[in-house]
Every structure is written in C-alpha cells, then in structure tokens.
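> Sharing my_file.cif below, mmCIF, C-alpha atoms:
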```cif
data_final
loop_
_atom_site.label_atom_id
_atom_site.label_comp_id
_atom_site.auth_asym_id
_atom_site.auth_seq_id
_atom_site.Cartn_x
_atom_site.Cartn_y
_atom_site.Cartn_z
CA MET A 1178 12.55 269.77 142.10
CA ARG A 1179 16.07 268.56 142.75
CA VAL A 1180 17.04 265.11 141.51
CA SER A 1181 20.25 263.22 142.29
CA VAL A 1182 21.14 260.54 139.75
CA ILE A 1183 23.66 258.12 141.24
CA GLN A 1184 26.48 257.03 138.93
CA PHE A 1185 28.21 253.72 139.62
CA PRO A 1186 31.03 252.26 137.55
CA GLY A 1187 28.99 250.45 134.92
CA SER A 1188 25.82 252.56 135.09
CA ASN A 1189 24.52 253.11 131.55
CA CYS A 1190 21.07 254.65 132.01
CA ASP A 1191 22.33 257.52 134.15
CA HIS A 1192 22.22 260.02 131.28
CA ASP A 1193 18.76 258.84 130.25
CA ALA A 1194 17.51 259.41 133.80
CA PHE A 1195 19.22 262.81 133.87
CA TYR A 1196 17.66 263.74 130.51
CA ALA A 1197 14.18 262.51 131.48
CA SER A 1198 14.43 264.62 134.64
CA GLU A 1199 15.39 267.68 132.61
CA LEU A 1200 12.37 267.09 130.36
CA GLN A 1201 10.17 267.45 133.45
CA GLY A 1202 11.75 270.82 134.19
CA TRP A 1203 13.54 269.36 137.20
CA THR A 1204 17.11 270.10 138.23
CA PRO A 1205 19.13 266.88 138.02
CA THR A 1206 22.64 266.41 139.39
CA MET A 1207 24.98 263.49 138.74
CA VAL A 1208 26.35 262.09 142.00
CA TRP A 1209 29.37 259.77 141.85
CA HIS A 1210 29.13 256.58 143.89
CA LYS A 1211 32.22 257.45 145.94
CA ASP A 1212 30.73 260.76 147.06
CA THR A 1213 29.13 261.07 150.47
CA ASP A 1214 27.04 264.16 149.73
CA LEU A 1215 23.68 263.47 148.09
CA GLN A 1216 23.39 267.17 147.08
CA ASN A 1217 20.16 267.73 149.02
CA PRO A 1218 17.75 266.08 146.57
CA ASP A 1219 13.97 265.79 146.55
CA LEU A 1220 14.29 262.56 144.56
CA VAL A 1221 17.11 260.03 144.16
CA ILE A 1222 17.30 257.92 141.01
CA LEU A 1223 19.36 254.71 141.03
CA PRO A 1224 19.69 254.16 137.28
CA GLY A 1225 19.98 251.03 135.18
CA GLY A 1226 23.21 249.48 134.01
CA PHE A 1227 25.72 246.96 135.24
CA SER A 1228 27.18 248.41 138.43
CA TYR A 1229 30.51 246.76 139.22
CA GLY A 1230 30.00 244.60 136.14
CA ASP A 1231 27.20 242.75 137.96
CA TYR A 1232 30.01 240.74 139.62
CA LEU A 1233 29.02 238.32 142.39
CA ARG A 1234 25.30 239.23 142.11
CA CYS A 1235 23.62 242.20 140.43
CA GLY A 1236 23.77 245.12 142.82
CA ALA A 1237 25.65 243.15 145.49
CA LEU A 1238 28.83 245.24 145.35
CA ALA A 1239 27.16 248.58 144.61
CA LYS A 1240 25.42 248.47 147.96
CA PHE A 1241 28.78 249.05 149.64
CA SER A 1242 29.50 252.26 147.71
CA PRO A 1243 29.77 255.22 150.11
CA ILE A 1244 26.84 257.06 148.51
CA VAL A 1245 24.46 254.13 149.06
CA GLY A 1246 24.81 254.62 152.82
CA GLU A 1247 23.56 258.17 152.25
CA VAL A 1248 20.73 256.93 150.01
CA ILE A 1249 19.67 254.53 152.79
CA LYS A 1250 19.65 257.38 155.35
CA PHE A 1251 17.68 259.58 152.91
CA ALA A 1252 15.17 256.78 152.29
CA HIS A 1253 14.74 256.05 155.99
CA LYS A 1254 13.87 259.72 156.51
CA GLY A 1255 11.08 259.32 153.93
CA GLY A 1256 12.93 260.71 150.88
CA LEU A 1257 11.70 259.59 147.46
CA VAL A 1258 13.92 256.98 145.81
CA ILE A 1259 13.31 255.21 142.51
CA GLY A 1260 15.51 252.32 141.41
CA ILE A 1261 15.19 251.31 137.78
CA CYS A 1262 16.47 247.91 136.56
CA ASN A 1263 19.95 247.67 138.10
CA GLY A 1264 18.73 250.32 140.53
CA PHE A 1265 15.95 247.92 141.61
CA GLN A 1266 18.57 245.20 142.07
CA ILE A 1267 20.64 247.54 144.25
CA LEU A 1268 17.55 248.38 146.34
CA THR A 1269 16.86 244.70 147.06
CA GLU A 1270 20.51 243.91 147.77
CA SER A 1271 20.79 246.86 150.15
CA GLY A 1272 17.67 245.78 152.01
CA LEU A 1273 15.60 248.87 151.13
CA LEU A 1274 13.17 246.60 149.28
CA PRO A 1275 12.42 242.92 149.97
CA GLY A 1276 13.08 239.97 147.68
CA ALA A 1277 15.68 239.44 144.97
CA LEU A 1278 16.05 239.61 141.19
CA LEU A 1279 17.17 236.30 139.74
CA MET A 1280 18.21 235.28 136.25
CA ASN A 1281 15.40 235.34 133.69
CA ARG A 1282 13.61 232.04 133.27
CA SER A 1283 14.68 231.97 129.59
CA LEU A 1284 18.35 232.62 130.54
CA GLN A 1285 18.30 235.33 127.88
CA PHE A 1286 18.86 239.06 128.01
CA ILE A 1287 15.45 240.47 127.08
CA CYS A 1288 15.24 243.86 125.39
CA GLN A 1289 11.69 244.66 124.27
CA HIS A 1290 8.62 246.78 124.74
CA GLN A 1291 6.54 245.41 127.58
CA TYR A 1292 3.05 246.08 128.86
CA ILE A 1293 2.70 246.58 132.59
CA LYS A 1294 -0.43 247.14 134.64
CA THR A 1295 -0.68 249.74 137.37
CA MET A 1296 -1.83 247.87 140.46
CA ASN A 1297 -1.81 250.72 142.98
CA SER A 1298 -2.45 254.37 142.10
CA ASP A 1299 -2.05 255.55 145.66
CA THR A 1300 1.71 256.08 145.67
CA ALA A 1301 4.05 258.98 145.00
CA PHE A 1302 5.06 257.30 141.75
CA THR A 1303 1.60 256.46 140.38
CA CYS A 1304 -0.75 259.11 141.80
CA SER A 1305 -1.60 260.51 138.36
CA ILE A 1306 -2.05 257.08 136.76
CA PRO A 1307 -5.52 255.48 136.89
CA GLN A 1308 -5.73 252.18 138.74
CA GLY A 1309 -5.46 249.33 136.26
CA LYS A 1310 -3.89 251.49 133.56
CA VAL A 1311 -1.82 249.47 131.08
CA MET A 1312 1.42 251.12 129.98
CA ASP A 1313 4.04 250.21 127.42
CA ILE A 1314 7.42 250.57 129.11
CA PRO A 1315 10.58 248.95 127.69
CA ILE A 1316 12.53 246.31 129.59
CA ALA A 1317 16.20 245.40 129.08
CA HIS A 1318 17.64 242.91 131.53
CA LYS A 1319 18.89 239.39 132.15
CA GLU A 1320 18.27 239.32 135.89
CA GLY A 1321 14.72 240.58 136.34
CA ASN A 1322 13.02 237.47 137.63
CA TYR A 1323 11.57 238.75 140.89
CA TYR A 1324 11.63 236.28 143.77
CA ILE A 1325 10.40 236.48 147.34
CA ASP A 1326 9.36 233.78 149.79
CA SER A 1327 5.64 233.05 150.24
CA ASP A 1328 5.33 235.04 153.49
CA GLY A 1329 7.01 238.01 151.81
CA LEU A 1330 4.71 237.77 148.80
CA LYS A 1331 1.65 237.67 151.02
CA ARG A 1332 2.86 240.74 152.85
CA LEU A 1333 3.45 242.64 149.59
CA GLU A 1334 -0.05 241.69 148.44
CA ASP A 1335 -1.75 242.49 151.76
CA GLU A 1336 -0.03 245.88 151.94
CA GLU A 1337 -0.73 246.66 148.25
CA ARG A 1338 2.96 247.18 147.62
CA ILE A 1339 3.01 245.49 144.22
CA ILE A 1340 2.84 248.57 142.03
CA PHE A 1341 3.28 247.12 138.54
CA LYS A 1342 2.65 243.69 137.05
CA TYR A 1343 3.59 242.38 133.62
CA CYS A 1344 0.52 241.96 131.44
CA ASP A 1345 -0.64 241.77 127.83
CA LYS A 1346 -1.98 244.66 125.79
CA GLU A 1347 -5.47 244.19 127.22
CA GLY A 1348 -4.17 244.15 130.78
CA ASN A 1349 -4.50 240.43 131.36
CA ILE A 1350 -1.90 239.26 133.86
CA THR A 1351 -1.01 235.89 132.40
CA GLU A 1352 1.93 233.52 132.38
CA LYS A 1353 2.37 234.24 128.67
CA ALA A 1354 2.66 237.95 129.36
CA ASN A 1355 5.38 237.33 131.96
CA PRO A 1356 8.68 238.00 130.17
CA ASN A 1357 11.14 236.78 132.76
CA GLY A 1358 9.42 234.36 135.16
CA SER A 1359 8.83 236.91 137.93
CA LEU A 1360 6.75 235.63 140.79
CA ALA A 1361 3.13 236.81 140.38
CA ASN A 1362 4.21 238.78 137.26
CA ILE A 1363 5.79 241.40 139.54
CA ALA A 1364 7.46 244.25 137.64
CA GLY A 1365 7.70 246.81 140.44
CA ILE A 1366 7.19 247.09 144.19
CA CYS A 1367 7.40 249.82 146.78
CA SER A 1368 8.58 250.06 150.36
CA GLU A 1369 6.36 249.86 153.42
CA LYS A 1370 6.04 253.65 153.62
CA GLY A 1371 5.67 253.94 149.86
CA ASN A 1372 8.60 256.31 149.35
CA ILE A 1373 10.89 253.80 147.61
CA LEU A 1374 9.97 252.27 144.24
CA GLY A 1375 11.91 249.52 142.47
CA MET A 1376 10.95 248.51 138.95
CA MET A 1377 12.60 246.55 136.15
CA PRO A 1378 10.97 248.44 133.23
CA HIS A 1379 12.59 251.71 132.11
CA PRO A 1380 10.20 254.69 132.29
CA GLU A 1381 13.09 257.03 131.43
CA ARG A 1382 13.31 255.35 128.01
CA ALA A 1383 9.66 256.16 127.32
CA ALA A 1384 9.54 259.73 128.51
CA GLU A 1385 9.20 261.88 125.39
CA ASP A 1386 6.96 261.99 122.36
CA ILE A 1387 9.60 261.17 119.72
CA VAL A 1388 10.11 257.61 121.01
CA VAL A 1389 7.77 254.67 120.34
CA SER A 1390 6.08 254.81 123.73
CA HIS A 1391 5.88 257.80 126.02
CA ASP A 1392 3.91 256.05 128.74
CA GLY A 1393 6.84 256.47 131.14
CA LYS A 1394 6.00 260.17 131.38
CA ALA A 1395 3.04 259.26 133.60
CA ILE A 1396 5.43 258.06 136.31
CA PHE A 1397 7.44 261.29 136.18
CA HIS A 1398 4.22 263.33 136.15
CA SER A 1399 3.03 261.43 139.23
CA ILE A 1400 6.24 262.21 141.08
CA ALA A 1401 5.90 265.89 140.12
CA GLN A 1402 2.26 265.96 141.24
CA PHE A 1403 3.09 264.23 144.52
CA PHE A 1404 5.96 266.61 145.18
CA ALA A 1405 3.83 269.69 144.38
CA SER A 1406 1.11 268.58 146.77
CA HIS A 1407 3.53 267.70 149.59
CA SER A 1408 5.90 270.66 149.55
CA MET B 1414 47.94 231.50 155.42
CA VAL B 1415 44.75 229.49 155.36
CA LYS B 1416 42.53 228.62 152.43
CA VAL B 1417 38.77 228.72 152.74
CA LYS B 1418 36.54 226.91 150.26
CA ILE B 1419 33.14 228.58 150.11
CA TYR B 1420 30.09 227.11 148.43
CA VAL B 1421 27.11 229.38 147.77
CA THR B 1422 24.03 227.50 146.60
CA LEU B 1423 20.47 228.45 145.78
CA LYS B 1424 17.91 227.54 148.42
CA PRO B 1425 15.96 224.42 147.42
CA SER B 1426 12.80 226.53 147.09
CA VAL B 1427 14.39 228.78 144.44
CA LEU B 1428 14.03 227.74 140.81
CA ASP B 1429 17.31 227.41 138.93
CA PRO B 1430 16.74 227.97 135.19
CA GLN B 1431 20.43 227.36 134.43
CA GLY B 1432 20.33 224.02 136.19
CA ALA B 1433 17.11 223.11 134.37
CA ALA B 1434 18.76 223.91 131.01
CA VAL B 1435 21.75 221.71 131.87
CA THR B 1436 19.46 218.87 132.95
CA GLY B 1437 17.62 219.16 129.60
CA VAL B 1438 20.91 218.86 127.68
CA LEU B 1439 21.98 215.87 129.78
CA HIS B 1440 18.64 214.17 129.04
CA ASN B 1441 19.17 214.85 125.33
CA LEU B 1442 22.56 213.15 125.64
CA GLY B 1443 20.88 210.08 127.06
CA TYR B 1444 21.56 210.58 130.76
CA GLN B 1445 17.93 209.97 131.68
CA ASN B 1446 18.81 209.15 135.28
CA VAL B 1447 19.77 212.78 136.00
CA ARG B 1448 16.88 214.06 138.12
CA GLU B 1449 18.05 217.60 138.71
CA THR B 1450 21.09 219.86 138.31
CA ARG B 1451 21.70 222.88 140.53
CA ILE B 1452 24.25 225.52 139.52
CA SER B 1453 26.18 226.98 142.44
CA LYS B 1454 29.11 229.24 143.15
CA TYR B 1455 32.43 228.03 144.48
CA MET B 1456 34.89 230.57 145.84
CA GLU B 1457 38.36 230.33 147.33
CA MET B 1458 39.50 232.88 149.85
CA TYR B 1459 42.97 233.11 151.40
CA LEU B 1460 43.30 234.60 154.87
CA ASP B 1461 45.98 235.11 157.46
CA ASP B 1462 45.82 232.11 159.74
CA ALA B 1463 44.08 232.40 163.09
CA ASP B 1464 42.25 230.08 165.44
CA ASP B 1465 39.20 228.35 163.98
CA ASN B 1466 36.63 230.23 166.04
CA THR B 1467 37.99 233.61 164.96
CA LEU B 1468 38.09 232.48 161.34
CA LYS B 1469 34.58 231.03 161.44
CA THR B 1470 33.13 234.22 162.88
CA GLN B 1471 34.82 236.31 160.21
CA ILE B 1472 33.94 233.99 157.31
CA GLU B 1473 30.30 233.81 158.35
CA THR B 1474 30.10 237.58 158.67
CA ILE B 1475 31.60 237.96 155.18
CA CYS B 1476 29.19 235.39 153.74
CA ASP B 1477 26.17 236.99 155.42
CA LYS B 1478 27.13 240.52 154.37
CA VAL B 1479 28.60 240.02 150.93
CA LEU B 1480 29.04 236.60 149.38
CA ALA B 1481 25.53 235.17 149.75
CA ASN B 1482 22.08 236.72 149.48
CA PRO B 1483 20.06 235.39 152.42
CA ASN B 1484 16.82 235.78 150.43
CA THR B 1485 17.80 233.20 147.85
CA GLU B 1486 21.05 231.49 148.84
CA VAL B 1487 22.67 229.41 151.55
CA TYR B 1488 26.38 228.82 152.06
CA SER B 1489 28.81 226.34 153.52
CA TYR B 1490 32.59 226.45 153.84
CA GLU B 1491 35.69 224.47 154.67
CA ILE B 1492 38.87 225.79 156.23
CA VAL B 1493 41.90 224.09 154.66
CA ARG B 1494 45.45 224.31 155.98
CA GLU B 1495 48.23 223.20 153.68
CA ASN B 1496 49.70 220.68 156.10
CA GLU B 1497 46.31 218.94 156.49
#
```
Spell out the structure here as structure tokens.

Amino acid sequence: MRVSVIQFPGSNCDHDAFYASELQGWTPTMVWHKDTDLQNPDLVILPGGFSYGDYLRCGALAKFSPIVGEVIKFAHKGGLVIGICNGFQILTESGLLPGALLMNRSLQFICQHQYIKTMNSDTAFTCSIPQGKVMDIPIAHKEGNYYIDSDGLKRLEDEERIIFKYCDKEGNITEKANPNGSLANIAGICSEKGNILGMMPHPERAAEDIVVSHDGKAIFHSIAQFFASHS
Amino acid sequence: MVKVKIYVTLKPSVLDPQGAAVTGVLHNLGYQNVRETRISKYMEMYLDDADDNTLKTQIETICDKVLANPNTEVYSYEIVRENE
C-alpha cells in the first residue's frame, strides 16, 4: 500500500505518520507541499503540526499549497485521505470536510491521553473496530474545538459521519470528558462518501506496543483491511 | 495607493472563549457593566488605487477566499485614501 505523507513548512508529525505507515508494512513517501505530484498513493496523510505557523487561522494558508489542489482532486476521485490534528484543520479550511476547529474552550494547549468512542464502524478507517469501542488516543492541540452550525451538525448526525467522540474511560460521552469544548464531543468526522477522515487525536502516536497506548493501530489496521478488500 | 481596513469578527452564534476570559478579568477589576467582549482581527492592506467597484470586488474575493472563514466569521472593511 502506497502512502503519501504531505510535508508543509511547520509540519511536525510527518515523521511519526511515515513511521507508523512503515510499521504497517506500507510504503510511505514524503511529499513536499510545493510539489504537484502526489506520487500515485493509495492513502494520503495530512499530518499534524503548525503549517505556516498557524498564521491567520490554522490550516488557512496551507490550503493554497500546490499539493493541496492535488489532494482535493485525489479525494474527489474517492481516494483515501486522513487528516490528523493540523491535517484535520487543513481539511476543513480547504472545504473537504465541513465545520471549523476553533480555539479550545480553556484557551490552553492540551497535550494528554484521551479516550474516544468509535461511533461508526462502517468506514474505511474504522472497519476493524467494533462499534462503540473506546480507545485511548493522545491529543495535542490548542485549536481543536470543533464547530459547525446546527443544520450542519444535524446532517453529520443523520448521515452517521461523526466517527469519533470524546468520552471517559467507560465510554460515557459527557461534558466532563470533552477536553476542548467541541460541539457534541466531536473528535473526528468523515466526508459524505466516507473516504476522507479528519480527527484531532493522533493515532500515529499510539501505533506500536512500546508506547503507553497502542489503540491507534486499530485505525491503521482498518485502513489496511479496507484496502485489501477493495483492491 | 489605497489603504483598506479589514475587520474579521466571529459570528454572533460562535462562542469566543478569549472574549469570555477578558470579560471575566474586567469583572474582577470592578467593571461589572461589561456584558460581553468579543475578540476580533483587524488587518490593514495596501493596494494600488483603482475605482471603488473594482477594489470592492477584489477585497471581497480576498476576504471570502483567504482572510475570513465563512463557517465561523464575518467581515467588514473600509477603503481609506490619504487625502480623505
């Protein structure tokens, strides 16, 4: 499986995403944001970080990088795209996913382990994860407070496009378990066709046994399983 | 050359945690009559002069595409010429 990890000036989870892809036995390639060749991937990863220093708004300037135009074309053709943290912000800014990521309710940068609940197991990114499964996936962001207008939220709910919600260890989706003020505890959503996932938590930081949580592996395993059954 | 003052503000429906924090501090300082504070962005842009309609079209395109996020923000602007 070929993976293109997009590097922007200010990306800092690009090597983690590359490494996590290698752990799956995939073939990752780093693609610079000024390139216009996506290198024929099966999966594109928009990694975390601070593209363009998060100037103006997180992800607002990255969306004009030449490679993002190619990512948009790839996504519109049904290609698999996962945006993690800053990658999620770039996906919303570029219009590939609805809504926006605002500053955390606490105004603080939050770096911690976080439980999230799998709300929909019928996607390319969650097909090997049981519905309702609680996973411990780290978060590290200051602008992860997901916002969408009420019509948009209803549409996400009706179309089962909310993939992950923040929860406590037992899987209760409560205000207390919401780290950043996200509307409806939203931690990750997918596109209408299900081929684009944006999520604030970092599965690539929980993708091998030597780290505290390896729950992120389930997301990579799902992608592998989906790819194997669709190729 | 013409100067454009651009104000990008959060939509009223969007919570502003920074503004809420500032309001809390102002209340602590005794300014109990402060009902709400909203933090916004102010930008100055300098352009080659042109007629107002041309400028307005360009400024609005720039705001829609780059400077403001239509999901969460609205914008307004003023065109200022030095001799005005």
> For each of B:Ala1463, B:Leu1439, B:Arg1494, B:Met1456, take the minimum atom-to-atom distance to B:Cys1476, counting all atoms listed in the file, then give the residue where this is smallest.
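Once distances to B:Cys1476 are computed over all atoms listed in the file, the minimum belongs to B:Met1456.
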> Quick one: residues within 7 Å of A:Ile1325, all atoms listed in the file, excluding same-chain residues fewer than 4 positions away - as an mmCIF file with C-alpha atoms, in the frame of the given file?

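Generated output (result-v7.cif):
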```cif
data_model
loop_
_atom_site.group_PDB
_atom_site.id
_atom_site.type_symbol
_atom_site.label_atom_id
_atom_site.label_comp_id
_atom_site.auth_asym_id
_atom_site.auth_seq_id
_atom_site.Cartn_x
_atom_site.Cartn_y
_atom_site.Cartn_z
ATOM 1 C CA GLY A 1276 13.080 239.970 147.680
ATOM 2 C CA ALA A 1277 15.680 239.440 144.970
ATOM 3 C CA GLY A 1329 7.010 238.010 151.810
ATOM 4 C CA LEU A 1330 4.710 237.770 148.800
#
```
> Any chance you could work out the residue set of the PyMOL selection byres ((chain B) within 7 of (chain A)) here, as an MDAnalysis selection string?
chainID B and resid 1430:1431 1479 1484
> The centre and edge lengths of an axis-aligned box containing all atoms of stretch 1479-1497 of chain B present in the file, extended by 3 Å on each side, are to be given in Å to one decimal, as lines of an AutoDock Vina configuration file.

```
center_x = 33.3
center_y = 229.5
center_z = 152.2
size_x = 38.9
size_y = 27.1
size_z = 14.6
```
> Just checking: using all atoms listed in the file, which residue out of B:Ile1419, B:Ile1492, B:Val1487, B:Asp1429 ends up closest to B:Thr1467?
B:Ile1492
> Of the candidates A:Ser1327, A:Thr1206, A:Ser1390, A:Asn1357, which one gets nearest to A:Met1377 if we count all atoms listed in the file?
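Smallest separation from A:Met1377 among the options: A:Asn1357.
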> One decimal, Å: what's the distance from atom CA of A:His1210 over to atom CA of A:His1192, could you say?
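So the answer is 14.8 Å.
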> Applying the PyMOL selection byres ((chain B and resi 1485) around 7) to the file I just gave you, which residues come out? Please list them as a list in words.
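After applying the PyMOL selection byres ((chain B and resi 1485) around 7), what remains is Leu1423, Lys1424, Val1427, Asn1482, Pro1483, Asn1484 and Glu1486 of chain B.
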> Within 8 Å of A:Pro1315, counting all atoms listed in the file, which residues show up once you throw out same-chain ones fewer than 3 positions away? Write them as a PDB file with C-alpha atoms, in the coordinates of the input, please.

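This went into around-v5.pdb:
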```pdb
ATOM      1  CA  CYS A1288      15.240 243.860 125.390  1.00  0.00           C
ATOM      2  CA  GLN A1289      11.690 244.660 124.270  1.00  0.00           C
ATOM      3  CA  HIS A1290       8.620 246.780 124.740  1.00  0.00           C
ATOM      4  CA  GLN A1291       6.540 245.410 127.580  1.00  0.00           C
ATOM      5  CA  PRO A1378      10.970 248.440 133.230  1.00  0.00           C
ATOM      6  CA  HIS A1379      12.590 251.710 132.110  1.00  0.00           C
ATOM      7  CA  PRO A1380      10.200 254.690 132.290  1.00  0.00           C
ATOM      8  CA  ARG A1382      13.310 255.350 128.010  1.00  0.00           C
ATOM      9  CA  ALA A1383       9.660 256.160 127.320  1.00  0.00           C
TER      10      ALA A1383
END
```
> If the PyMOL selection byres ((chain A and resi 1381) around 10) were run on this exact file, what residues would it hold? Put them as number ranges by chain.
A: 1190-1198, 1224-1225, 1261, 1314-1315, 1378-1380, 1382-1385, 1391-1394, 1396-1397
> With all atoms listed in the file as the basis for distance, which of A:Ile1267, A:Val1208, A:Val1248, A:Leu1223 is at the shortest distance from A:Gly1236?
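Comparing A:Ile1267, A:Val1208, A:Val1248, A:Leu1223 against A:Gly1236, the winner is A:Ile1267.
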> Provide the atom CA of A:Glu1334 to atom CA of A:Asn1297 distance in Å, to one decimal place.
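So the answer is 10.7 Å.
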